[in-house]
file protein_29.pdb (PDB, C-alpha atoms, pLDDT in the B column)
ATOM      1  CA  MET A   1      55.901  95.842 130.822  1.00 61.00           C
ATOM      2  CA  ASN A   2      53.424  96.161 127.967  1.00 60.00           C
ATOM      3  CA  ARG A   3      50.826  93.617 129.077  1.00 61.00           C
ATOM      4  CA  ARG A   4      47.634  94.864 127.468  1.00 53.00           C
ATOM      5  CA  PRO A   5      48.119  96.291 123.985  1.00 46.00           C
ATOM      6  CA  THR A   6      46.086  93.655 122.158  1.00 38.00           C
ATOM      7  CA  LEU A   7      42.994  94.006 124.345  1.00 47.00           C
ATOM      8  CA  LEU A   8      42.886  97.772 124.449  1.00 46.00           C
ATOM      9  CA  ALA A   9      43.736  98.404 120.843  1.00 43.00           C
ATOM     10  CA  ALA A  10      40.827  96.158 119.911  1.00 40.00           C
ATOM     11  CA  LEU A  11      38.233  98.293 121.725  1.00 44.00           C
ATOM     12  CA  ALA A  12      36.826 101.781 121.266  1.00 43.00           C
ATOM     13  CA  LEU A  13      34.299 103.673 123.377  1.00 45.00           C
ATOM     14  CA  THR A  14      31.187 105.120 121.815  1.00 42.00           C
ATOM     15  CA  ALA A  15      31.112 108.843 121.153  1.00 35.00           C
ATOM     16  CA  THR A  16      28.824 109.412 124.145  1.00 37.00           C
ATOM     17  CA  ALA A  17      31.161 107.497 126.441  1.00 41.00           C
ATOM     18  CA  ALA A  18      34.162 109.412 125.165  1.00 40.00           C
ATOM     19  CA  LEU A  19      32.494 112.759 125.849  1.00 37.00           C
ATOM     20  CA  THR A  20      31.481 111.720 129.363  1.00 39.00           C
ATOM     21  CA  LEU A  21      34.944 110.433 130.136  1.00 43.00           C
ATOM     22  CA  SER A  22      36.519 113.623 128.883  1.00 38.00           C
ATOM     23  CA  ALA A  23      34.548 115.398 131.573  1.00 36.00           C
ATOM     24  CA  CYS A  24      36.239 113.111 134.096  1.00 37.00           C
ATOM     25  CA  GLY A  25      39.672 114.056 132.814  1.00 34.00           C
ATOM     26  CA  GLY A  26      40.401 110.984 130.687  1.00 35.00           C
ATOM     27  CA  GLY A  27      41.222 110.445 127.041  1.00 34.00           C
ATOM     28  CA  ASP A  28      39.832 107.686 124.884  1.00 34.00           C
ATOM     29  CA  GLU A  29      42.428 106.855 122.321  1.00 35.00           C
ATOM     30  CA  GLY A  30      43.411 103.220 121.961  1.00 36.00           C
ATOM     31  CA  SER A  31      47.094 102.361 121.625  1.00 33.00           C
ATOM     32  CA  ALA A  32      49.583  99.501 121.503  1.00 31.00           C
ATOM     33  CA  LYS A  33      50.268  99.566 125.168  1.00 32.00           C
ATOM     34  CA  ASP A  34      45.283  94.124 148.910  1.00 33.00           C
ATOM     35  CA  LYS A  35      41.564  96.708 152.525  1.00 29.00           C
ATOM     36  CA  ASP A  36      43.145  99.212 154.037  1.00 34.00           C
ATOM     37  CA  GLU A  37      44.067 100.859 157.252  1.00 35.00           C
ATOM     38  CA  ASP A  38      40.633 102.412 157.540  1.00 34.00           C
ATOM     39  CA  SER A  39      37.088 101.731 156.364  1.00 31.00           C
ATOM     40  CA  ASP A  40      37.343 104.077 153.397  1.00 37.00           C
ATOM     41  CA  LYS A  41      40.172 102.257 151.637  1.00 34.00           C
ATOM     42  CA  ILE A  42      39.280  99.591 149.122  1.00 38.00           C
ATOM     43  CA  ALA A  43      40.673  96.070 148.988  1.00 36.00           C
ATOM     44  CA  GLY A  44      43.903  96.009 147.048  1.00 38.00           C
ATOM     45  CA  ALA A  45      45.171  99.351 148.302  1.00 34.00           C
ATOM     46  CA  ASP A  46      48.736  99.238 149.570  1.00 33.00           C
ATOM     47  CA  THR A  47      48.296 101.435 152.631  1.00 27.00           C
ATOM     48  CA  GLY A  48      50.760  99.674 154.890  1.00 30.00           C
ATOM     49  CA  GLY A  49      47.940  98.434 157.113  1.00 30.00           C
ATOM     50  CA  GLU A  50      46.207  95.101 157.368  1.00 31.00           C
ATOM     51  CA  LYS A  51      44.703  94.027 154.085  1.00 32.00           C
ATOM     52  CA  SER A  52      41.326  92.393 153.689  1.00 33.00           C
ATOM     53  CA  ALA A  53      40.043  89.771 151.280  1.00 36.00           C
ATOM     54  CA  PRO A  54      40.550  90.599 147.605  1.00 39.00           C
ATOM     55  CA  PRO A  55      37.755  92.448 145.770  1.00 42.00           C
ATOM     56  CA  ASN A  56      36.331  89.278 144.234  1.00 37.00           C
ATOM     57  CA  GLU A  57      35.358  88.084 147.706  1.00 36.00           C
ATOM     58  CA  SER A  58      33.424  91.257 148.498  1.00 37.00           C
ATOM     59  CA  SER A  59      29.681  91.871 148.179  1.00 38.00           C
ATOM     60  CA  ALA A  60      29.814  94.887 145.906  1.00 44.00           C
ATOM     61  CA  SER A  61      26.342  94.409 144.464  1.00 44.00           C
ATOM     62  CA  ALA A  62      23.103  92.587 145.158  1.00 47.00           C
ATOM     63  CA  THR A  63      23.852  89.211 143.663  1.00 50.00           C
ATOM     64  CA  GLU A  64      25.266  86.431 145.857  1.00 61.00           C
ATOM     65  CA  GLU A  65      26.143  84.162 142.936  1.00 86.00           C
ATOM     66  CA  ARG A  66      29.536  85.647 142.125  1.00 95.00           C
ATOM     67  CA  PRO A  67      32.241  83.450 140.601  1.00 97.00           C
ATOM     68  CA  LYS A  68      35.439  83.054 142.554  1.00 96.00           C
ATOM     69  CA  ILE A  69      38.558  84.456 140.910  1.00 97.00           C
ATOM     70  CA  ASP A  70      41.895  82.809 141.666  1.00 97.00           C
ATOM     71  CA  PHE A  71      45.372  84.188 140.982  1.00 98.00           C
ATOM     72  CA  PRO A  72      48.672  82.309 141.150  1.00 98.00           C
ATOM     73  CA  SER A  73      50.970  83.176 144.031  1.00 97.00           C
ATOM     74  CA  ASP A  74      53.435  85.015 141.786  1.00 97.00           C
ATOM     75  CA  ALA A  75      50.978  87.554 140.330  1.00 98.00           C
ATOM     76  CA  LYS A  76      48.865  90.272 141.899  1.00 98.00           C
ATOM     77  CA  ASN A  77      46.699  93.215 140.914  1.00 98.00           C
ATOM     78  CA  VAL A  78      46.633  96.096 143.397  1.00 98.00           C
ATOM     79  CA  PHE A  79      43.692  98.497 143.168  1.00 98.00           C
ATOM     80  CA  GLU A  80      44.116 101.850 144.873  1.00 98.00           C
ATOM     81  CA  TYR A  81      40.985 103.938 145.352  1.00 96.00           C
ATOM     82  CA  GLU A  82      38.782 105.287 148.125  1.00 94.00           C
ATOM     83  CA  LYS A  83      35.077 104.790 148.651  1.00 95.00           C
ATOM     84  CA  THR A  84      33.045 107.698 147.359  1.00 97.00           C
ATOM     85  CA  GLY A  85      30.219 107.313 149.895  1.00 97.00           C
ATOM     86  CA  ASP A  86      27.771 106.784 147.047  1.00 98.00           C
ATOM     87  CA  PRO A  87      26.604 103.117 147.092  1.00 97.00           C
ATOM     88  CA  ALA A  88      26.110 103.030 143.329  1.00 98.00           C
ATOM     89  CA  LYS A  89      29.504 104.507 142.512  1.00 98.00           C
ATOM     90  CA  ASP A  90      31.230 102.244 145.031  1.00 98.00           C
ATOM     91  CA  ALA A  91      29.566  99.187 143.466  1.00 98.00           C
ATOM     92  CA  VAL A  92      30.694 100.342 140.023  1.00 98.00           C
ATOM     93  CA  LEU A  93      34.284 100.733 141.180  1.00 98.00           C
ATOM     94  CA  ALA A  94      34.342  97.312 142.859  1.00 98.00           C
ATOM     95  CA  ASP A  95      32.955  95.525 139.813  1.00 98.00           C
ATOM     96  CA  SER A  96      35.348  97.418 137.571  1.00 98.00           C
ATOM     97  CA  THR A  97      38.275  95.842 139.422  1.00 98.00           C
ATOM     98  CA  LEU A  98      36.672  92.422 139.071  1.00 98.00           C
ATOM     99  CA  SER A  99      36.456  92.893 135.342  1.00 98.00           C
ATOM    100  CA  VAL A 100      40.217  93.400 135.248  1.00 98.00           C
ATOM    101  CA  ASP A 101      40.825  90.397 137.513  1.00 98.00           C
ATOM    102  CA  SER A 102      38.586  88.170 135.401  1.00 98.00           C
ATOM    103  CA  VAL A 103      40.624  88.841 132.267  1.00 97.00           C
ATOM    104  CA  ASP A 104      43.886  88.076 134.046  1.00 98.00           C
ATOM    105  CA  GLU A 105      42.460  84.900 135.579  1.00 98.00           C
ATOM    106  CA  ALA A 106      41.640  83.667 132.072  1.00 98.00           C
ATOM    107  CA  ILE A 107      45.268  84.261 131.100  1.00 98.00           C
ATOM    108  CA  PHE A 108      46.526  82.343 134.135  1.00 98.00           C
ATOM    109  CA  VAL A 109      44.345  79.282 133.497  1.00 97.00           C
ATOM    110  CA  GLY A 110      44.849  79.460 129.740  1.00 97.00           C
ATOM    111  CA  SER A 111      41.160  79.461 128.829  1.00 98.00           C
ATOM    112  CA  THR A 112      38.524  81.961 127.721  1.00 97.00           C
ATOM    113  CA  ASP A 113      35.815  79.653 129.086  1.00 97.00           C
ATOM    114  CA  THR A 114      36.088  80.880 132.686  1.00 98.00           C
ATOM    115  CA  GLU A 115      32.922  81.789 134.578  1.00 97.00           C
ATOM    116  CA  ALA A 116      34.163  85.203 135.673  1.00 98.00           C
ATOM    117  CA  LEU A 117      35.186  86.485 132.230  1.00 98.00           C
ATOM    118  CA  GLY A 118      31.639  86.515 130.872  1.00 97.00           C
ATOM    119  CA  PHE A 119      30.192  87.464 134.260  1.00 98.00           C
ATOM    120  CA  TYR A 120      31.994  90.794 134.530  1.00 98.00           C
ATOM    121  CA  ASN A 121      32.395  91.610 130.837  1.00 98.00           C
ATOM    122  CA  THR A 122      29.978  91.801 127.935  1.00 97.00           C
ATOM    123  CA  GLU A 123      29.601  93.224 124.439  1.00 97.00           C
ATOM    124  CA  LYS A 124      32.782  94.770 123.003  1.00 95.00           C
ATOM    125  CA  ALA A 125      34.654  94.377 126.276  1.00 96.00           C
ATOM    126  CA  LEU A 126      34.023  90.638 126.296  1.00 97.00           C
ATOM    127  CA  SER A 127      34.880  90.023 122.656  1.00 95.00           C
ATOM    128  CA  GLY A 128      38.036  92.124 122.976  1.00 93.00           C
ATOM    129  CA  SER A 129      39.021  90.327 126.180  1.00 95.00           C
ATOM    130  CA  ILE A 130      38.629  86.952 124.505  1.00 96.00           C
ATOM    131  CA  THR A 131      40.850  88.051 121.618  1.00 95.00           C
ATOM    132  CA  TYR A 132      43.397  89.396 124.081  1.00 93.00           C
ATOM    133  CA  VAL A 133      43.485  86.206 126.199  1.00 96.00           C
ATOM    134  CA  LEU A 134      43.758  84.023 123.105  1.00 97.00           C
ATOM    135  CA  GLY A 135      46.876  85.977 122.160  1.00 96.00           C
ATOM    136  CA  TYR A 136      48.488  84.852 125.421  1.00 96.00           C
ATOM    137  CA  ILE A 137      47.309  81.267 124.957  1.00 97.00           C
ATOM    138  CA  LYS A 138      48.696  81.095 121.415  1.00 97.00           C
ATOM    139  CA  LYS A 139      52.149  82.138 122.634  1.00 97.00           C
ATOM    140  CA  ASP A 140      51.877  80.003 125.805  1.00 97.00           C
ATOM    141  CA  ASP A 141      52.488  83.140 127.843  1.00 97.00           C
ATOM    142  CA  THR A 142      51.323  84.371 131.235  1.00 97.00           C
ATOM    143  CA  TRP A 143      52.515  87.213 133.460  1.00 97.00           C
ATOM    144  CA  VAL A 144      54.099  87.544 136.896  1.00 97.00           C
ATOM    145  CA  GLY A 145      54.680  90.358 139.371  1.00 97.00           C
ATOM    146  CA  GLU A 146      52.383  93.185 140.413  1.00 98.00           C
ATOM    147  CA  THR A 147      50.263  95.604 138.432  1.00 98.00           C
ATOM    148  CA  ARG A 148      49.001  98.701 140.259  1.00 98.00           C
ATOM    149  CA  TYR A 149      45.764 100.487 139.345  1.00 98.00           C
ATOM    150  CA  PHE A 150      45.184 104.006 140.670  1.00 98.00           C
ATOM    151  CA  ASP A 151      43.698 107.483 140.132  1.00 98.00           C
ATOM    152  CA  TYR A 152      40.127 106.233 139.763  1.00 98.00           C
ATOM    153  CA  LYS A 153      37.321 108.539 138.612  1.00 98.00           C
ATOM    154  CA  VAL A 154      33.711 107.384 138.305  1.00 98.00           C
ATOM    155  CA  SER A 155      30.562 109.010 136.954  1.00 98.00           C
ATOM    156  CA  LEU A 156      27.022 107.666 136.656  1.00 98.00           C
ATOM    157  CA  SER A 157      24.794 107.839 133.599  1.00 97.00           C
ATOM    158  CA  GLY A 158      21.223 107.323 134.730  1.00 95.00           C
ATOM    159  CA  ALA A 159      20.351 104.373 136.958  1.00 95.00           C
ATOM    160  CA  ASN A 160      22.103 101.679 134.965  1.00 98.00           C
ATOM    161  CA  GLY A 161      25.112 103.256 133.267  1.00 98.00           C
ATOM    162  CA  ALA A 162      28.547 104.385 134.447  1.00 98.00           C
ATOM    163  CA  TYR A 163      31.981 105.419 133.224  1.00 98.00           C
ATOM    164  CA  VAL A 164      35.268 104.757 135.025  1.00 98.00           C
ATOM    165  CA  THR A 165      38.715 106.103 134.211  1.00 97.00           C
ATOM    166  CA  TYR A 166      41.896 104.941 135.918  1.00 98.00           C
ATOM    167  CA  CYS A 167      45.608 104.449 135.433  1.00 98.00           C
ATOM    168  CA  SER A 168      47.817 101.382 135.598  1.00 97.00           C
ATOM    169  CA  ASP A 169      51.479 100.963 136.458  1.00 97.00           C
ATOM    170  CA  GLU A 170      52.920  97.877 134.781  1.00 96.00           C
ATOM    171  CA  SER A 171      56.536  98.557 135.736  1.00 96.00           C
ATOM    172  CA  LYS A 172      56.578  95.626 138.178  1.00 96.00           C
ATOM    173  CA  SER A 173      54.766  93.024 136.058  1.00 96.00           C
ATOM    174  CA  PHE A 174      56.408  90.922 133.374  1.00 97.00           C
ATOM    175  CA  ILE A 175      55.558  88.450 130.631  1.00 97.00           C
ATOM    176  CA  LYS A 176      56.518  84.839 131.410  1.00 97.00           C
ATOM    177  CA  ASN A 177      56.550  81.927 128.979  1.00 97.00           C
ATOM    178  CA  LYS A 178      54.935  78.824 130.488  1.00 96.00           C
ATOM    179  CA  LYS A 179      57.104  76.346 128.590  1.00 96.00           C
ATOM    180  CA  THR A 180      60.520  77.921 129.060  1.00 97.00           C
ATOM    181  CA  GLU A 181      59.600  79.733 132.324  1.00 96.00           C
ATOM    182  CA  LYS A 182      61.639  82.627 130.988  1.00 97.00           C
ATOM    183  CA  VAL A 183      60.573  86.047 132.255  1.00 97.00           C
ATOM    184  CA  LYS A 184      61.009  89.107 130.032  1.00 94.00           C
ATOM    185  CA  ASP A 185      62.728  91.716 132.165  1.00 90.00           C
ATOM    186  CA  THR A 186      61.256  94.734 130.396  1.00 91.00           C
ATOM    187  CA  PRO A 187      62.658  98.121 131.466  1.00 94.00           C
ATOM    188  CA  THR A 188      60.350 100.794 132.858  1.00 95.00           C
ATOM    189  CA  THR A 189      59.449 103.450 130.289  1.00 96.00           C
ATOM    190  CA  ALA A 190      56.552 105.810 129.648  1.00 96.00           C
ATOM    191  CA  ASP A 191      54.759 102.878 128.038  1.00 95.00           C
ATOM    192  CA  SER A 192      54.630 101.148 131.436  1.00 96.00           C
ATOM    193  CA  TYR A 193      51.809 103.549 132.351  1.00 97.00           C
ATOM    194  CA  VAL A 194      48.356 103.333 130.802  1.00 96.00           C
ATOM    195  CA  LEU A 195      45.217 105.452 131.046  1.00 97.00           C
ATOM    196  CA  TYR A 196      42.001 103.397 130.834  1.00 96.00           C
ATOM    197  CA  ASN A 197      38.524 104.623 129.934  1.00 97.00           C
ATOM    198  CA  THR A 198      35.721 102.123 130.532  1.00 97.00           C
ATOM    199  CA  LYS A 199      31.959 101.963 130.188  1.00 97.00           C
ATOM    200  CA  LEU A 200      29.791  99.785 132.476  1.00 98.00           C
ATOM    201  CA  GLU A 201      26.130  98.804 132.577  1.00 98.00           C
ATOM    202  CA  LYS A 202      24.170  97.329 135.506  1.00 98.00           C
ATOM    203  CA  ARG A 203      22.374  94.022 135.074  1.00 97.00           C
ATOM    204  CA  ALA A 204      19.022  93.266 136.705  1.00 96.00           C
ATOM    205  CA  ASP A 205      20.826  91.343 139.475  1.00 95.00           C
ATOM    206  CA  GLY A 206      22.949  94.389 140.329  1.00 97.00           C
ATOM    207  CA  VAL A 207      26.219  93.350 138.729  1.00 98.00           C
ATOM    208  CA  TRP A 208      28.024  96.142 136.874  1.00 98.00           C
ATOM    209  CA  GLN A 209      29.441  94.647 133.702  1.00 98.00           C
ATOM    210  CA  THR A 210      32.151  96.334 131.668  1.00 98.00           C
ATOM    211  CA  THR A 211      30.840  96.797 128.135  1.00 98.00           C
ATOM    212  CA  ASP A 212      33.557  98.855 126.452  1.00 97.00           C
ATOM    213  CA  VAL A 213      37.200  99.814 127.018  1.00 95.00           C
ATOM    214  CA  ALA A 214      39.705 102.216 125.502  1.00 94.00           C
ATOM    215  CA  SER A 215      43.232 103.193 126.547  1.00 89.00           C
ATOM    216  CA  ASN A 216      46.118 105.553 126.058  1.00 93.00           C
ATOM    217  CA  ARG A 217      49.458 103.875 126.699  1.00 93.00           C
ATOM    218  CA  GLY A 218      52.197 106.247 127.772  1.00 95.00           C
ATOM    219  CA  SER A 219      49.652 108.823 128.931  1.00 95.00           C
ATOM    220  CA  LYS A 220      51.308 111.712 130.794  1.00 95.00           C
ATOM    221  CA  GLU A 221      48.330 111.720 133.192  1.00 95.00           C
ATOM    222  CA  CYS A 222      49.469 108.384 134.621  1.00 97.00           C
ATOM    223  CA  GLN A 223      53.223 108.822 134.699  1.00 96.00           C
ATOM    224  CA  PRO A 224      54.931 109.636 138.027  1.00 92.00           C
TER     225      PRO A 224
END
call {"tool": "encode", "arguments": {"input": "protein_29.pdb", "output": "structure tokens"}}
result
Amino acid sequence: MNRRPTLLAALALTATAALTLSACGGGDEGSAKDKDEDSDKIAGADTGGEKSAPPNESSASATEERPKIDFPSDAKNVFEYEKTGDPAKDAVLADSTLSVDSVDEAIFVGSTDTEALGFYNTEKALSGSITYVLGYIKKDDTWVGETRYFDYKVSLSGANGAYVTYCSDESKSFIKNKKTEKVKDTPTTADSYVLYNTKLEKRADGVWQTTDVASNRGSKECQP
């Protein structure tokens, strides 16, 4: 299912971010697009073991004033990655997943005025996310099913900057109209897989906010 073309086509990483992400193995072109069986697996990973609380209930960074993110029972994001052992990188990865969740929560509640959206996103990422969510609201749409995020790569840029690349598999998530309750049964194609390149910056309270996003829908790097 092509869930995110509006958001990602609206954003573009800076030249510096693009060069750094290329070193991680990711591209930067925009296009029309739950813990583990051991302590190293992150919440959201489908390992077949007991799963912990979702990432939004974790203490990834210093602040204790984190907004709660709620999903409906018929939708789920699954984040598959392992801890790096580096506290800074692990905090970046955790907050990166919360950025994704915050955008989807706004879609579910039908409002861009959620606490989490502006908490985990800022600058171009926030403005693009708002535009993206408003597109759903205008059509009275939401989504159902499961979206899987995987193949994470993270690099730090000084003490307060970071870049994260990852893939998504949207083959099991589908657009649903709230009024008609009709679900679009979109077939799985190459466009069901998306490569994301993101830039994050750390606030004074330790929260890593996503500031910029770019994507490549149909990327061969993400296809099975």
call {"tool": "resolve_selection", "arguments": {"input": "protein_29.pdb", "expression": "the PyMOL selection byres ((chain A and resi 144-161) around 7)", "output": "list in words"}}
result
Cys24, Asp74, Ala75, Lys76, Asn77, Val78, Phe79, Glu80, Tyr81, Lys89, Trp143, Ala162, Tyr163, Val164, Thr165, Tyr166, Cys167, Ser168, Asp169, Glu170, Lys172, Ser173, Phe174, Ile175, Lys176, Leu200, Glu201 and Lys202 of chain A
call {"tool": "resolve_selection", "arguments": {"input": "protein_29.pdb", "expression": "the PyMOL selection byres ((chain A and resi 221) around 10)", "output": "ChimeraX atom specification"}}
result
/A:25-27,151,166-167,193-195,216,218-220,222-224
call {"tool": "resolve_selection", "arguments": {"input": "protein_29.pdb", "expression": "the PyMOL selection byres ((chain A and resi 71) around 10)", "output": "ChimeraX atom specification"}}
result
/A:69-70,72-77,101-102,104-109
call {"tool": "residues_around", "arguments": {"input": "protein_29.pdb", "residues": "Ala125 in chain A", "least_positions_apart": "2", "cutoff": "9 Å", "atoms": "only C-alpha atoms", "output": "count of residues only"}}
result
15
call {"tool": "atom_distance", "arguments": {"input": "protein_29.pdb", "atom1": "CA of Ala91 in chain A", "atom2": "CA of Ala204 in chain A"}}
result
13.9 Å
call {"tool": "atom_distance", "arguments": {"input": "protein_29.pdb", "atom1": "CA of Glu65 in chain A", "atom2": "CA of Ser99 in chain A"}}
result
15.5 Å
call {"tool": "atom_distance", "arguments": {"input": "protein_29.pdb", "atom1": "CA of Asp205 in chain A", "atom2": "CA of Glu115 in chain A"}}
result
16.2 Å
call {"tool": "axis_aligned_box", "arguments": {"input": "protein_29.pdb", "around": "range 168-177 of chain A", "padding_each_side": "8 Å", "output": "JSON"}}
result
{"center_x": 52.2, "center_y": 91.7, "center_z": 133.6, "size_x": 24.8, "size_y": 35.5, "size_z": 25.2}
call {"tool": "decode", "arguments": {"input": "protein_29.pdb", "residues": "range 148-166 of chain A", "atoms": "N, CA, C and O atoms", "output": "PDB file, in the first residue's frame"}}
result
ATOM      1  N   ARG A 148       5.893  -2.606   8.588  1.00  0.00           N
ATOM      2  CA  ARG A 148       7.151  -3.075   9.178  1.00  0.00           C
ATOM      3  C   ARG A 148       8.297  -2.164   8.759  1.00  0.00           C
ATOM      4  O   ARG A 148       8.437  -1.824   7.585  1.00  0.00           O
ATOM      5  N   TYR A 149       9.118  -1.778   9.740  1.00  0.00           N
ATOM      6  CA  TYR A 149      10.298  -0.953   9.487  1.00  0.00           C
ATOM      7  C   TYR A 149      11.547  -1.764   9.845  1.00  0.00           C
ATOM      8  O   TYR A 149      11.612  -2.375  10.921  1.00  0.00           O
ATOM      9  N   PHE A 150      12.542  -1.757   9.000  1.00  0.00           N
ATOM     10  CA  PHE A 150      13.686  -2.654   9.172  1.00  0.00           C
ATOM     11  C   PHE A 150      14.951  -2.098   8.504  1.00  0.00           C
ATOM     12  O   PHE A 150      14.909  -1.046   7.869  1.00  0.00           O
ATOM     13  N   ASP A 151      16.040  -2.824   8.640  1.00  0.00           N
ATOM     14  CA  ASP A 151      17.330  -2.468   8.042  1.00  0.00           C
ATOM     15  C   ASP A 151      17.773  -1.064   8.453  1.00  0.00           C
ATOM     16  O   ASP A 151      18.094  -0.224   7.611  1.00  0.00           O
ATOM     17  N   TYR A 152      17.807  -0.820   9.757  1.00  0.00           N
ATOM     18  CA  TYR A 152      18.190   0.485  10.277  1.00  0.00           C
ATOM     19  C   TYR A 152      19.706   0.699  10.240  1.00  0.00           C
ATOM     20  O   TYR A 152      20.486  -0.201  10.541  1.00  0.00           O
ATOM     21  N   LYS A 153      20.112   1.896   9.884  1.00  0.00           N
ATOM     22  CA  LYS A 153      21.509   2.326   9.952  1.00  0.00           C
ATOM     23  C   LYS A 153      21.520   3.712  10.568  1.00  0.00           C
ATOM     24  O   LYS A 153      20.717   4.569  10.199  1.00  0.00           O
ATOM     25  N   VAL A 154      22.428   3.940  11.519  1.00  0.00           N
ATOM     26  CA  VAL A 154      22.476   5.229  12.210  1.00  0.00           C
ATOM     27  C   VAL A 154      23.908   5.730  12.262  1.00  0.00           C
ATOM     28  O   VAL A 154      24.854   4.963  12.442  1.00  0.00           O
ATOM     29  N   SER A 155      24.089   7.025  12.074  1.00  0.00           N
ATOM     30  CA  SER A 155      25.394   7.652  12.232  1.00  0.00           C
ATOM     31  C   SER A 155      25.222   8.970  12.970  1.00  0.00           C
ATOM     32  O   SER A 155      24.191   9.635  12.836  1.00  0.00           O
ATOM     33  N   LEU A 156      26.215   9.327  13.781  1.00  0.00           N
ATOM     34  CA  LEU A 156      26.166  10.565  14.544  1.00  0.00           C
ATOM     35  C   LEU A 156      26.950  11.663  13.842  1.00  0.00           C
ATOM     36  O   LEU A 156      27.917  11.400  13.134  1.00  0.00           O
ATOM     37  N   SER A 157      26.505  12.890  14.043  1.00  0.00           N
ATOM     38  CA  SER A 157      27.190  14.059  13.502  1.00  0.00           C
ATOM     39  C   SER A 157      27.406  15.030  14.654  1.00  0.00           C
ATOM     40  O   SER A 157      26.517  15.810  14.997  1.00  0.00           O
ATOM     41  N   GLY A 158      28.562  14.936  15.284  1.00  0.00           N
ATOM     42  CA  GLY A 158      28.823  15.729  16.475  1.00  0.00           C
ATOM     43  C   GLY A 158      27.997  15.229  17.652  1.00  0.00           C
ATOM     44  O   GLY A 158      27.517  14.096  17.661  1.00  0.00           O
ATOM     45  N   ALA A 159      27.794  16.101  18.639  1.00  0.00           N
ATOM     46  CA  ALA A 159      27.082  15.706  19.852  1.00  0.00           C
ATOM     47  C   ALA A 159      25.574  15.788  19.709  1.00  0.00           C
ATOM     48  O   ALA A 159      24.844  15.114  20.441  1.00  0.00           O
ATOM     49  N   ASN A 160      25.109  16.580  18.761  1.00  0.00           N
ATOM     50  CA  ASN A 160      23.672  16.850  18.687  1.00  0.00           C
ATOM     51  C   ASN A 160      23.030  16.552  17.340  1.00  0.00           C
ATOM     52  O   ASN A 160      21.876  16.925  17.121  1.00  0.00           O
ATOM     53  N   GLY A 161      23.729  15.894  16.449  1.00  0.00           N
ATOM     54  CA  GLY A 161      23.166  15.587  15.142  1.00  0.00           C
ATOM     55  C   GLY A 161      23.266  14.104  14.820  1.00  0.00           C
ATOM     56  O   GLY A 161      24.146  13.398  15.324  1.00  0.00           O
ATOM     57  N   ALA A 162      22.349  13.610  14.000  1.00  0.00           N
ATOM     58  CA  ALA A 162      22.367  12.198  13.611  1.00  0.00           C
ATOM     59  C   ALA A 162      21.602  12.004  12.315  1.00  0.00           C
ATOM     60  O   ALA A 162      20.752  12.822  11.944  1.00  0.00           O
ATOM     61  N   TYR A 163      21.929  10.914  11.631  1.00  0.00           N
ATOM     62  CA  TYR A 163      21.230  10.510  10.415  1.00  0.00           C
ATOM     63  C   TYR A 163      20.819   9.049  10.547  1.00  0.00           C
ATOM     64  O   TYR A 163      21.588   8.228  11.041  1.00  0.00           O
ATOM     65  N   VAL A 164      19.593   8.738  10.144  1.00  0.00           N
ATOM     66  CA  VAL A 164      19.088   7.371  10.207  1.00  0.00           C
ATOM     67  C   VAL A 164      18.486   6.999   8.862  1.00  0.00           C
ATOM     68  O   VAL A 164      17.706   7.753   8.285  1.00  0.00           O
ATOM     69  N   THR A 165      18.875   5.843   8.348  1.00  0.00           N
ATOM     70  CA  THR A 165      18.247   5.289   7.155  1.00  0.00           C
ATOM     71  C   THR A 165      17.564   3.982   7.540  1.00  0.00           C
ATOM     72  O   THR A 165      18.042   3.262   8.422  1.00  0.00           O
ATOM     73  N   TYR A 166      16.448   3.696   6.904  1.00  0.00           N
ATOM     74  CA  TYR A 166      15.736   2.447   7.161  1.00  0.00           C
ATOM     75  C   TYR A 166      14.745   2.193   6.039  1.00  0.00           C
ATOM     76  O   TYR A 166      14.487   3.067   5.203  1.00  0.00           O
TER      77      TYR A 166
END
